[in-house]
>>> print(open('data.cif').read())   # mmCIF, C-alpha atoms
data_work
loop_
_atom_site.label_atom_id
_atom_site.label_comp_id
_atom_site.auth_asym_id
_atom_site.auth_seq_id
_atom_site.Cartn_x
_atom_site.Cartn_y
_atom_site.Cartn_z
CA MET A 1 129.97 5.76 -157.52
CA GLU A 2 126.99 5.81 -155.21
CA SER A 3 124.20 3.38 -155.90
CA ARG A 4 120.54 4.03 -156.48
CA GLY A 5 119.20 6.94 -154.46
CA SER A 6 122.12 9.34 -155.13
CA ILE A 7 121.02 12.64 -156.65
CA GLY A 8 124.35 12.78 -158.48
CA THR A 9 127.23 15.24 -158.92
CA ASN A 10 127.78 18.09 -161.37
CA VAL A 11 131.10 17.43 -163.09
CA PRO A 12 132.86 18.68 -166.28
CA ALA A 13 133.90 16.07 -168.82
CA MET A 14 135.60 15.86 -172.21
CA ILE A 15 134.01 13.96 -175.11
CA ARG A 16 136.18 11.01 -176.12
CA GLY A 17 133.81 9.21 -178.49
CA TRP A 18 130.22 8.50 -179.49
CA GLU A 19 128.23 5.45 -178.44
CA LYS A 20 124.90 3.92 -179.48
CA GLU A 21 121.49 5.15 -178.31
CA GLY A 22 122.54 8.77 -177.88
CA ARG A 23 125.29 8.06 -175.38
CA ALA A 24 128.92 9.21 -175.33
CA ARG A 25 132.23 8.08 -173.91
CA VAL A 26 133.63 10.85 -171.71
CA GLU A 27 136.71 11.59 -169.62
CA LEU A 28 135.90 13.08 -166.22
CA LEU A 29 137.82 16.31 -165.58
CA ALA A 30 137.23 16.17 -161.83
CA PRO A 31 136.48 13.42 -159.30
CA ALA A 32 132.81 12.40 -159.10
CA GLU A 33 131.29 10.18 -156.43
CA GLY A 34 134.07 7.64 -156.18
CA LEU A 35 135.44 7.94 -159.72
CA PRO A 36 138.87 9.62 -159.88
CA ILE A 37 139.75 12.41 -162.27
CA GLY A 38 140.61 11.02 -165.71
CA SER A 39 138.13 8.13 -165.54
CA GLU A 40 136.56 7.22 -168.89
CA VAL A 41 132.89 6.19 -168.71
CA THR A 42 130.00 5.80 -171.12
CA VAL A 43 127.20 8.18 -170.17
CA GLY A 44 123.58 8.46 -171.24
CA ILE A 45 120.92 11.07 -170.49
CA ARG A 46 118.14 9.79 -168.24
CA VAL A 47 114.49 10.81 -168.17
CA GLU A 48 113.34 12.02 -164.75
CA THR A 49 110.13 13.77 -165.81
CA LYS A 50 107.62 12.33 -168.28
CA GLY A 51 107.21 14.51 -171.32
CA ARG A 52 110.57 16.26 -170.89
CA PRO A 53 112.48 16.30 -174.20
CA ILE A 54 115.68 14.28 -174.13
CA HIS A 55 118.63 16.31 -175.39
CA ASP A 56 121.02 13.35 -175.55
CA PHE A 57 124.52 13.32 -177.00
CA SER A 58 123.33 12.68 -180.55
CA HIS A 59 121.33 15.92 -180.25
CA LEU A 60 124.41 17.77 -178.96
CA ASN A 61 126.48 16.31 -181.78
CA LYS A 62 124.02 17.82 -184.26
CA GLN A 63 124.50 21.15 -182.48
CA GLY A 64 128.23 20.99 -183.24
CA LEU A 65 129.67 19.17 -180.22
CA ARG A 66 132.76 17.24 -181.30
CA VAL A 67 135.25 14.78 -179.84
CA GLY A 68 137.57 16.90 -177.71
CA GLY A 69 134.72 19.24 -176.76
CA MET A 70 133.68 19.75 -173.16
CA VAL A 71 130.35 19.34 -171.38
CA LEU A 72 128.96 19.80 -167.89
CA LEU A 73 127.30 16.58 -166.75
CA ARG A 74 124.52 17.53 -164.37
CA ARG A 75 123.77 15.07 -161.56
CA LEU A 76 126.02 12.32 -162.87
CA ARG A 77 125.29 9.04 -161.09
CA GLN A 78 125.21 5.27 -161.51
CA ASP A 79 122.09 3.19 -160.96
CA GLU A 80 120.11 0.43 -162.68
CA GLU A 81 120.18 2.45 -165.92
CA GLY A 82 123.98 2.52 -165.91
CA THR A 83 126.00 5.72 -165.74
CA THR A 84 123.67 8.60 -166.54
CA ALA A 85 123.31 12.36 -166.17
CA ARG A 86 120.17 14.43 -165.90
CA ALA A 87 121.53 16.70 -168.64
CA ALA A 88 124.70 17.56 -170.52
CA GLU A 89 125.42 21.24 -171.21
CA ILE A 90 127.93 22.25 -173.86
CA LEU A 91 130.86 24.21 -172.43
CA MET A 92 133.14 24.02 -175.49
CA LEU A 93 132.09 22.64 -178.87
CA LYS A 94 135.55 21.41 -179.83
CA GLU A 95 139.08 21.24 -178.53
CA ALA A 96 140.13 24.13 -180.77
CA ASP A 97 137.84 26.42 -178.73
CA GLY A 98 140.34 26.14 -175.82
CA PRO A 99 142.69 26.23 -174.09
CA ALA A 100 140.72 25.32 -171.01
CA PHE A 101 141.50 24.62 -167.37
CA VAL A 102 139.49 23.00 -164.58
CA ILE A 103 139.98 24.03 -160.95
CA GLN A 104 138.84 21.39 -158.47
CA ASP A 105 137.99 22.22 -154.86
CA ALA A 106 137.02 25.81 -155.56
CA ALA A 107 134.61 28.25 -153.95
CA SER A 108 132.78 30.54 -156.36
CA CYS A 109 130.87 33.80 -156.11
CA ILE A 110 129.07 35.14 -159.18
CA LEU A 111 128.99 38.93 -158.87
CA PRO A 112 125.80 40.95 -159.51
CA PRO A 113 125.26 42.22 -163.06
CA PRO A 114 126.22 45.81 -163.88
CA GLN A 115 123.55 48.35 -163.06
CA GLY A 116 120.87 48.51 -165.74
CA THR A 117 121.47 44.98 -167.03
CA ALA A 118 120.33 41.48 -166.06
CA MET A 119 123.37 39.58 -167.32
CA VAL A 120 126.30 38.81 -165.03
CA ASN A 121 129.78 39.40 -166.37
CA GLU A 122 132.25 38.74 -163.52
CA GLY A 123 132.90 36.23 -160.80
CA ILE A 124 135.32 35.44 -157.98
CA VAL A 125 136.99 32.06 -157.59
CA ALA A 126 138.69 31.06 -154.32
CA MET A 127 141.23 28.25 -154.61
CA LEU A 128 140.52 26.25 -151.47
CA SER A 129 143.18 23.64 -152.20
CA SER A 130 145.83 26.39 -152.05
CA SER A 131 144.76 27.69 -148.64
CA ILE A 132 147.41 28.11 -145.94
CA ALA A 133 146.71 27.39 -142.26
CA ALA A 134 148.22 30.16 -140.14
CA ARG A 135 148.68 30.58 -136.40
CA SER A 136 149.31 34.26 -137.17
CA LEU A 137 148.89 36.48 -140.21
CA SER A 138 152.63 36.99 -140.60
CA GLU A 139 153.21 33.21 -140.51
CA GLY A 140 150.62 32.64 -143.23
CA LEU A 141 151.92 35.44 -145.43
CA SER A 142 155.42 33.96 -145.26
CA LYS A 143 154.08 30.75 -146.85
CA VAL A 144 151.46 31.91 -149.35
CA LEU A 145 153.54 33.40 -152.18
CA GLY A 146 153.64 30.19 -154.27
CA GLY A 147 149.86 29.93 -154.07
CA LEU A 148 149.43 33.31 -155.78
CA GLU A 149 150.92 32.28 -159.14
CA GLN A 150 147.75 30.79 -160.64
CA PRO A 151 145.36 33.51 -159.35
CA SER A 152 147.64 36.11 -160.95
CA LEU A 153 147.54 34.17 -164.23
CA PHE A 154 143.76 33.63 -164.29
CA GLY A 155 142.57 37.10 -163.28
CA LEU A 156 142.90 39.88 -160.73
CA PRO A 157 144.46 38.19 -157.69
CA GLY A 158 143.38 38.55 -154.10
CA LEU A 159 143.67 37.03 -150.63
CA ALA A 160 141.00 36.13 -148.10
CA PHE A 161 141.98 35.80 -144.43
CA VAL A 162 139.33 33.78 -142.62
CA GLY A 163 138.80 32.36 -139.16
CA ARG A 164 136.91 32.72 -135.91
CA THR A 165 137.40 35.17 -133.07
CA ARG A 166 137.95 34.06 -129.50
CA GLY A 167 134.19 34.36 -129.08
CA GLY A 168 133.53 32.10 -132.08
CA GLU A 169 132.38 34.80 -134.51
CA PRO A 170 133.36 34.14 -138.15
CA VAL A 171 135.55 36.77 -139.83
CA GLU A 172 136.48 37.15 -143.49
CA VAL A 173 138.96 39.84 -144.54
CA ILE A 174 139.16 40.22 -148.32
CA VAL A 175 142.00 42.13 -149.97
CA GLY A 176 142.65 42.55 -153.70
CA GLY A 177 140.68 41.25 -156.65
CA ASP A 178 140.43 44.78 -157.99
CA GLN A 179 143.66 45.23 -159.94
CA SER A 180 146.56 43.31 -161.42
CA MET A 181 149.23 42.83 -158.74
CA LYS A 182 152.41 40.87 -158.16
CA GLY A 183 152.30 38.32 -155.35
CA ASN A 184 154.68 40.23 -153.07
CA ASP A 185 152.65 43.42 -153.51
CA LEU A 186 149.43 41.60 -152.60
CA ILE A 187 151.07 40.15 -149.48
CA ALA A 188 152.23 43.62 -148.43
CA ARG A 189 148.75 44.97 -149.07
CA MET A 190 147.12 42.33 -146.86
CA LEU A 191 149.53 43.15 -144.04
CA ARG A 192 148.77 46.83 -144.49
CA GLU A 193 144.97 46.63 -144.85
CA CYS A 194 144.01 43.86 -142.42
CA PRO A 195 142.56 45.57 -139.33
CA LYS A 196 144.94 45.48 -136.38
CA ASP A 197 142.29 44.05 -134.05
CA ILE A 198 141.75 41.16 -136.50
CA ILE A 199 145.48 40.48 -136.66
CA LYS A 200 145.44 40.24 -132.86
CA GLU A 201 142.32 38.01 -132.80
CA SER A 202 143.83 35.67 -135.39
CA ARG A 203 146.83 34.69 -133.26
CA THR A 204 146.20 31.13 -132.15
CA SER A 205 149.72 29.98 -131.23
CA GLY A 206 149.76 28.14 -127.93
CA THR A 207 145.97 27.70 -127.92
CA SER A 208 143.57 24.91 -128.86
CA ARG A 209 141.74 27.18 -131.31
CA GLU A 210 141.71 26.26 -134.99
CA PRO A 211 144.26 28.24 -137.00
CA TRP A 212 142.99 30.86 -139.43
CA ARG A 213 143.44 30.38 -143.18
CA LEU A 214 144.77 32.48 -146.04
CA ILE A 215 142.92 31.60 -149.24
CA PRO A 216 144.09 32.88 -152.67
CA PHE A 217 141.35 33.97 -155.07
CA PHE A 218 140.95 35.78 -158.37
CA ARG A 219 138.32 37.87 -160.10
CA ALA A 220 137.69 37.12 -163.77
CA PRO A 221 135.16 37.84 -166.54
CA ILE A 222 132.42 35.34 -167.37
CA ASP A 223 132.28 33.59 -170.74
CA PRO A 224 129.63 35.54 -172.73
CA ASP A 225 128.29 32.26 -174.16
CA ARG A 226 127.51 31.10 -170.60
CA SER A 227 126.33 34.39 -169.13
CA SER A 228 122.62 33.58 -169.46
CA LYS A 229 122.97 30.25 -167.62
CA MET A 230 125.17 31.77 -164.91
CA SER A 231 122.83 34.77 -164.52
CA ALA A 232 120.03 32.35 -163.66
CA GLN A 233 122.35 30.57 -161.23
CA ALA A 234 123.23 33.88 -159.54
CA THR A 235 119.55 34.79 -159.20
CA ASN A 236 118.70 31.45 -157.62
CA LEU A 237 121.61 31.38 -155.17
CA ALA A 238 121.99 35.05 -154.11
CA TYR A 239 125.77 35.23 -154.02
CA GLY A 240 126.01 38.71 -152.52
CA ASN A 241 128.59 41.16 -153.88
CA ALA A 242 132.34 41.80 -153.97
CA ASP A 243 132.32 43.45 -150.52
CA GLU A 244 130.26 40.70 -148.87
CA PRO A 245 130.46 37.61 -151.07
CA ARG A 246 128.62 34.34 -150.57
CA TRP A 247 130.07 31.13 -151.94
CA THR A 248 129.22 27.75 -153.42
CA THR A 249 131.73 24.93 -153.80
CA GLY A 250 132.54 22.71 -156.75
CA ASN A 251 134.63 22.72 -159.92
CA VAL A 252 135.33 25.82 -161.97
CA VAL A 253 135.95 25.61 -165.71
CA LEU A 254 138.02 28.38 -167.32
CA ARG A 255 138.69 28.96 -170.99
CA VAL A 256 140.69 31.51 -172.94
CA ILE A 257 138.83 34.06 -175.07
CA PHE A 258 140.97 36.64 -176.88
CA GLU A 259 144.01 35.70 -174.78
CA LYS A 260 142.17 36.23 -171.48
CA TRP A 261 140.84 33.60 -169.08
CA HIS A 262 137.05 33.56 -168.63
CA ILE A 263 134.84 31.64 -166.20
CA CYS A 264 132.96 29.12 -168.33
CA ASP A 265 131.22 27.27 -165.51
CA ALA A 266 130.99 27.53 -161.73
CA SER A 267 128.11 25.16 -160.99
CA PRO A 268 127.98 23.84 -157.41
CA ALA A 269 129.09 20.20 -157.29
CA ASP A 270 126.04 19.20 -155.29
CA GLU A 271 122.39 20.12 -155.65
CA PRO A 272 120.42 21.63 -154.07
CA ALA A 273 123.04 24.22 -153.13
CA VAL A 274 123.05 27.22 -150.82
CA ALA A 275 125.41 30.18 -151.14
CA THR A 276 127.28 30.43 -147.82
CA LEU A 277 128.86 33.32 -145.98
CA PRO A 278 131.74 33.28 -145.08
CA LEU A 279 134.47 31.01 -146.48
CA ILE A 280 135.23 29.68 -142.99
CA ASP A 281 131.91 27.80 -143.06
CA LEU A 282 132.81 25.87 -146.21
CA PRO A 283 134.27 22.36 -145.99
#
>>> encode(input="data.cif", output="C-alpha cells")
Amino acid sequence: MESRGSIGTNVPAMIRGWEKEGRARVELLAPAEGLPIGSEVTVGIRVETKGRPIHDFSHLNKQGLRVGGMVLLRRLRQDEEGTTARAAEILMLKEADGPAFVIQDAASCILPPPQGTAMVNEGIVAMLSSSIAARSLSEGLSKVLGGLEQPSLFGLPGLAFVGRTRGGEPVEVIVGGDQSMKGNDLIARMLRECPKDIIKESRTSGTSREPWRLIPFFRAPIDPDRSSKMSAQATNLAYGNADEPRWTTGNVVLRVIFEKWHICDASPADEPAVATLPLIDLP
C-alpha cells in the first residue's frame, strides 16, 4: 500500500474476526493500493478530526455486525498508525443477509430520485472490464454476446457504444437498460438504433485512431437500507440522468433482496471524485 500521505481507497471488505482496541481482521473484496483482492489485514479506525466520535469495529459489533458481514472501508491506507480507515460503513450485518457480489472496475451512475421524493431508488452500472474494442460496430457486436450474461442477471441490460469522432468529439450511444432483454435482442437493437452517421464515424479500420468500445451495463434498484447514503452521494456528485448519465469509477457491491439484485454500494474508489461525461473519458 502507499505510505504516509495517501488519502486512501474506498474498498468493500468482509469481516473475518475481531481484534483488540476496536479493530477487526478483514478480507478485501477488491484490490486496494497494492493489496490484491482476498488479502486479509487487521484494520482500525483512525481519528482525523479532533472531537469526532470514533465508530470503531467494537461499536459496529454492538450494532449487529457479525463475522461474515460486509463493510465499506472508507479511505483505507497504511501509515505510521498501521492499516486504518477513516470509517467503516455496514453494508451487510451478517453473511445470511446475502448473497452478495462485488464488481471491480465498474462505472456507476446513480439516477435522480422519482419526482416528488428526495430518495434515489435506481442506478446504472457499466462493466468496464467487459468492454470490447471495436474497429466497427458490427465487429464489436460480433464479440460482445458473452459479456451480456452478467448484466442480464443483475438487472435490465444495456450497451453503451463510445468513442471519438474524426474531429475528436466524444460520443456515447446508450441502448437498453429499460426492459429485460436477451443478449441477441439487445445486440440487434443496438444495430437498429445506433445512428447511421455514428456507425460511419466509428469505423477506424486502417487508421491510427483509437477503436471505439462497446460497454455492457445494467440498470438495477438501490438497496433501501443504503438509499439515504447514496442519495447524499448523488446530490454531491451530480450524476445526470438516464438519457445523459455521468459516471464515477470504483467497486460496486450488489446483494439479493427478495430474489432480486440491488445496488448496495457504488462509492467512487478515490476521493475527491467528480462525475464524468462520457464513458470514453474514464480510465
>>> residues_around(input="data.cif", residues="Arg246 of chain A", least_positions_apart="4", cutoff="7 Å", atoms="all atoms listed in the file", output="PyMOL selection string")
chain A and resi 109+239-240+275-278
>>> closest_residue(input="data.cif", among="A:Asp265, A:Glu271, A:Asp178, A:Asp185", to="Arg86 of chain A", atoms="all atoms listed in the file")
A:Glu271
>>> atom_distance(input="data.cif", atom1="atom CA of Ala30 of chain A", atom2="atom CA of Ile103 of chain A")
8.4 Å
>>> closest_atom_pairs(input="data.cif", of="segment 147-259 of chain A", to="segment 113-122 of chain A", cutoff="10 Å", atoms="all atoms listed in the file", output="tab-separated table")
residue	atom	partner	partner_atom	distance
A:Arg219	CA	A:Glu122	CA	7.0
A:Ala220	CA	A:Glu122	CA	5.7
A:Pro221	CA	A:Glu122	CA	4.3
A:Ile222	CA	A:Asn121	CA	4.9
A:Asp223	CA	A:Asn121	CA	7.7
A:Pro224	CA	A:Asn121	CA	7.4
A:Arg226	CA	A:Val120	CA	9.6
A:Ser227	CA	A:Val120	CA	6.0
A:Ser228	CA	A:Met119	CA	6.4
A:Lys229	CA	A:Met119	CA	9.3
A:Met230	CA	A:Val120	CA	7.1
A:Ser231	CA	A:Val120	CA	5.4
A:Ala232	CA	A:Met119	CA	8.8
A:Gln233	CA	A:Val120	CA	9.9
A:Ala234	CA	A:Val120	CA	8.0
A:Thr235	CA	A:Ala118	CA	9.6
A:Asn241	CA	A:Pro113	CA	9.8
>>> residues_around(input="data.cif", residues="segment 13-16 of chain A", least_positions_apart="2", cutoff="8 Å", atoms="all atoms listed in the file", output="list in words")
Val11, Trp18, Ala24, Arg25, Val26, Glu27, Leu28, Leu29, Ala30, Arg66, Val67, Gly68, Gly69, Met70, Val71, Leu72 and Leu73 of chain A
>>> atom_distance(input="data.cif", atom1="atom CA of Ser131 of chain A", atom2="atom CA of Arg203 of chain A")
17.0 Å
>>> build_atoms(input="data.cif", residues="segment 231-250 of chain A", atoms="N, CA, C and O atoms", output="JSON list (two decimals), keeping the file's coordinate frame")
[["chain", "number", "residue", "atom", "x", "y", "z"],
["A", 231, "SER", "N", 123.71, 33.72, -165.08],
["A", 231, "SER", "CA", 122.83, 34.77, -164.52],
["A", 231, "SER", "C", 121.67, 34.13, -163.77],
["A", 231, "SER", "O", 121.30, 34.58, -162.68],
["A", 232, "ALA", "N", 121.11, 33.07, -164.34],
["A", 232, "ALA", "CA", 120.03, 32.35, -163.66],
["A", 232, "ALA", "C", 120.54, 31.71, -162.37],
["A", 232, "ALA", "O", 119.86, 31.73, -161.34],
["A", 233, "GLN", "N", 121.75, 31.18, -162.42],
["A", 233, "GLN", "CA", 122.35, 30.57, -161.23],
["A", 233, "GLN", "C", 122.53, 31.62, -160.14],
["A", 233, "GLN", "O", 122.24, 31.38, -158.96],
["A", 234, "ALA", "N", 123.01, 32.82, -160.52],
["A", 234, "ALA", "CA", 123.23, 33.88, -159.54],
["A", 234, "ALA", "C", 121.91, 34.33, -158.92],
["A", 234, "ALA", "O", 121.85, 34.62, -157.72],
["A", 235, "THR", "N", 120.86, 34.40, -159.72],
["A", 235, "THR", "CA", 119.55, 34.79, -159.20],
["A", 235, "THR", "C", 119.03, 33.78, -158.19],
["A", 235, "THR", "O", 118.50, 34.14, -157.13],
["A", 236, "ASN", "N", 119.20, 32.51, -158.50],
["A", 236, "ASN", "CA", 118.70, 31.45, -157.62],
["A", 236, "ASN", "C", 119.47, 31.35, -156.31],
["A", 236, "ASN", "O", 118.89, 30.99, -155.28],
["A", 237, "LEU", "N", 120.77, 31.65, -156.34],
["A", 237, "LEU", "CA", 121.61, 31.38, -155.17],
["A", 237, "LEU", "C", 122.02, 32.62, -154.38],
["A", 237, "LEU", "O", 122.60, 32.47, -153.30],
["A", 238, "ALA", "N", 121.74, 33.81, -154.87],
["A", 238, "ALA", "CA", 121.99, 35.05, -154.11],
["A", 238, "ALA", "C", 123.41, 35.09, -153.54],
["A", 238, "ALA", "O", 123.63, 34.99, -152.34],
["A", 239, "TYR", "N", 124.38, 35.28, -154.41],
["A", 239, "TYR", "CA", 125.77, 35.23, -154.02],
["A", 239, "TYR", "C", 126.28, 36.46, -153.27],
["A", 239, "TYR", "O", 127.40, 36.46, -152.79],
["A", 240, "GLY", "N", 125.52, 37.51, -153.16],
["A", 240, "GLY", "CA", 126.01, 38.71, -152.52],
["A", 240, "GLY", "C", 126.80, 39.56, -153.50],
["A", 240, "GLY", "O", 126.52, 39.57, -154.70],
["A", 241, "ASN", "N", 127.82, 40.28, -153.01],
["A", 241, "ASN", "CA", 128.59, 41.16, -153.88],
["A", 241, "ASN", "C", 130.07, 41.07, -153.51],
["A", 241, "ASN", "O", 130.47, 40.29, -152.64],
["A", 242, "ALA", "N", 130.89, 41.89, -154.17],
["A", 242, "ALA", "CA", 132.34, 41.80, -153.97],
["A", 242, "ALA", "C", 132.75, 42.17, -152.55],
["A", 242, "ALA", "O", 133.75, 41.67, -152.04],
["A", 243, "ASP", "N", 131.98, 43.05, -151.89],
["A", 243, "ASP", "CA", 132.32, 43.45, -150.52],
["A", 243, "ASP", "C", 131.86, 42.42, -149.49],
["A", 243, "ASP", "O", 132.47, 42.29, -148.43],
["A", 244, "GLU", "N", 130.78, 41.71, -149.78],
["A", 244, "GLU", "CA", 130.26, 40.70, -148.87],
["A", 244, "GLU", "C", 129.82, 39.49, -149.68],
["A", 244, "GLU", "O", 128.64, 39.22, -149.85],
["A", 245, "PRO", "N", 130.79, 38.73, -150.19],
["A", 245, "PRO", "CA", 130.46, 37.61, -151.07],
["A", 245, "PRO", "C", 129.88, 36.42, -150.32],
["A", 245, "PRO", "O", 130.17, 36.19, -149.15],
["A", 246, "ARG", "N", 129.05, 35.66, -151.01],
["A", 246, "ARG", "CA", 128.62, 34.34, -150.57],
["A", 246, "ARG", "C", 129.16, 33.33, -151.57],
["A", 246, "ARG", "O", 129.41, 33.68, -152.72],
["A", 247, "TRP", "N", 129.30, 32.09, -151.15],
["A", 247, "TRP", "CA", 130.07, 31.13, -151.94],
["A", 247, "TRP", "C", 129.36, 29.80, -152.09],
["A", 247, "TRP", "O", 128.66, 29.35, -151.18],
["A", 248, "THR", "N", 129.56, 29.15, -153.23],
["A", 248, "THR", "CA", 129.22, 27.75, -153.42],
["A", 248, "THR", "C", 130.51, 27.01, -153.77],
["A", 248, "THR", "O", 131.48, 27.61, -154.22],
["A", 249, "THR", "N", 130.52, 25.71, -153.54],
["A", 249, "THR", "CA", 131.73, 24.93, -153.80],
["A", 249, "THR", "C", 131.51, 23.94, -154.94],
["A", 249, "THR", "O", 130.41, 23.45, -155.16],
["A", 250, "GLY", "N", 132.60, 23.65, -155.64],
["A", 250, "GLY", "CA", 132.54, 22.71, -156.75],
["A", 250, "GLY", "C", 133.75, 22.88, -157.65],
["A", 250, "GLY", "O", 134.82, 23.28, -157.20]]
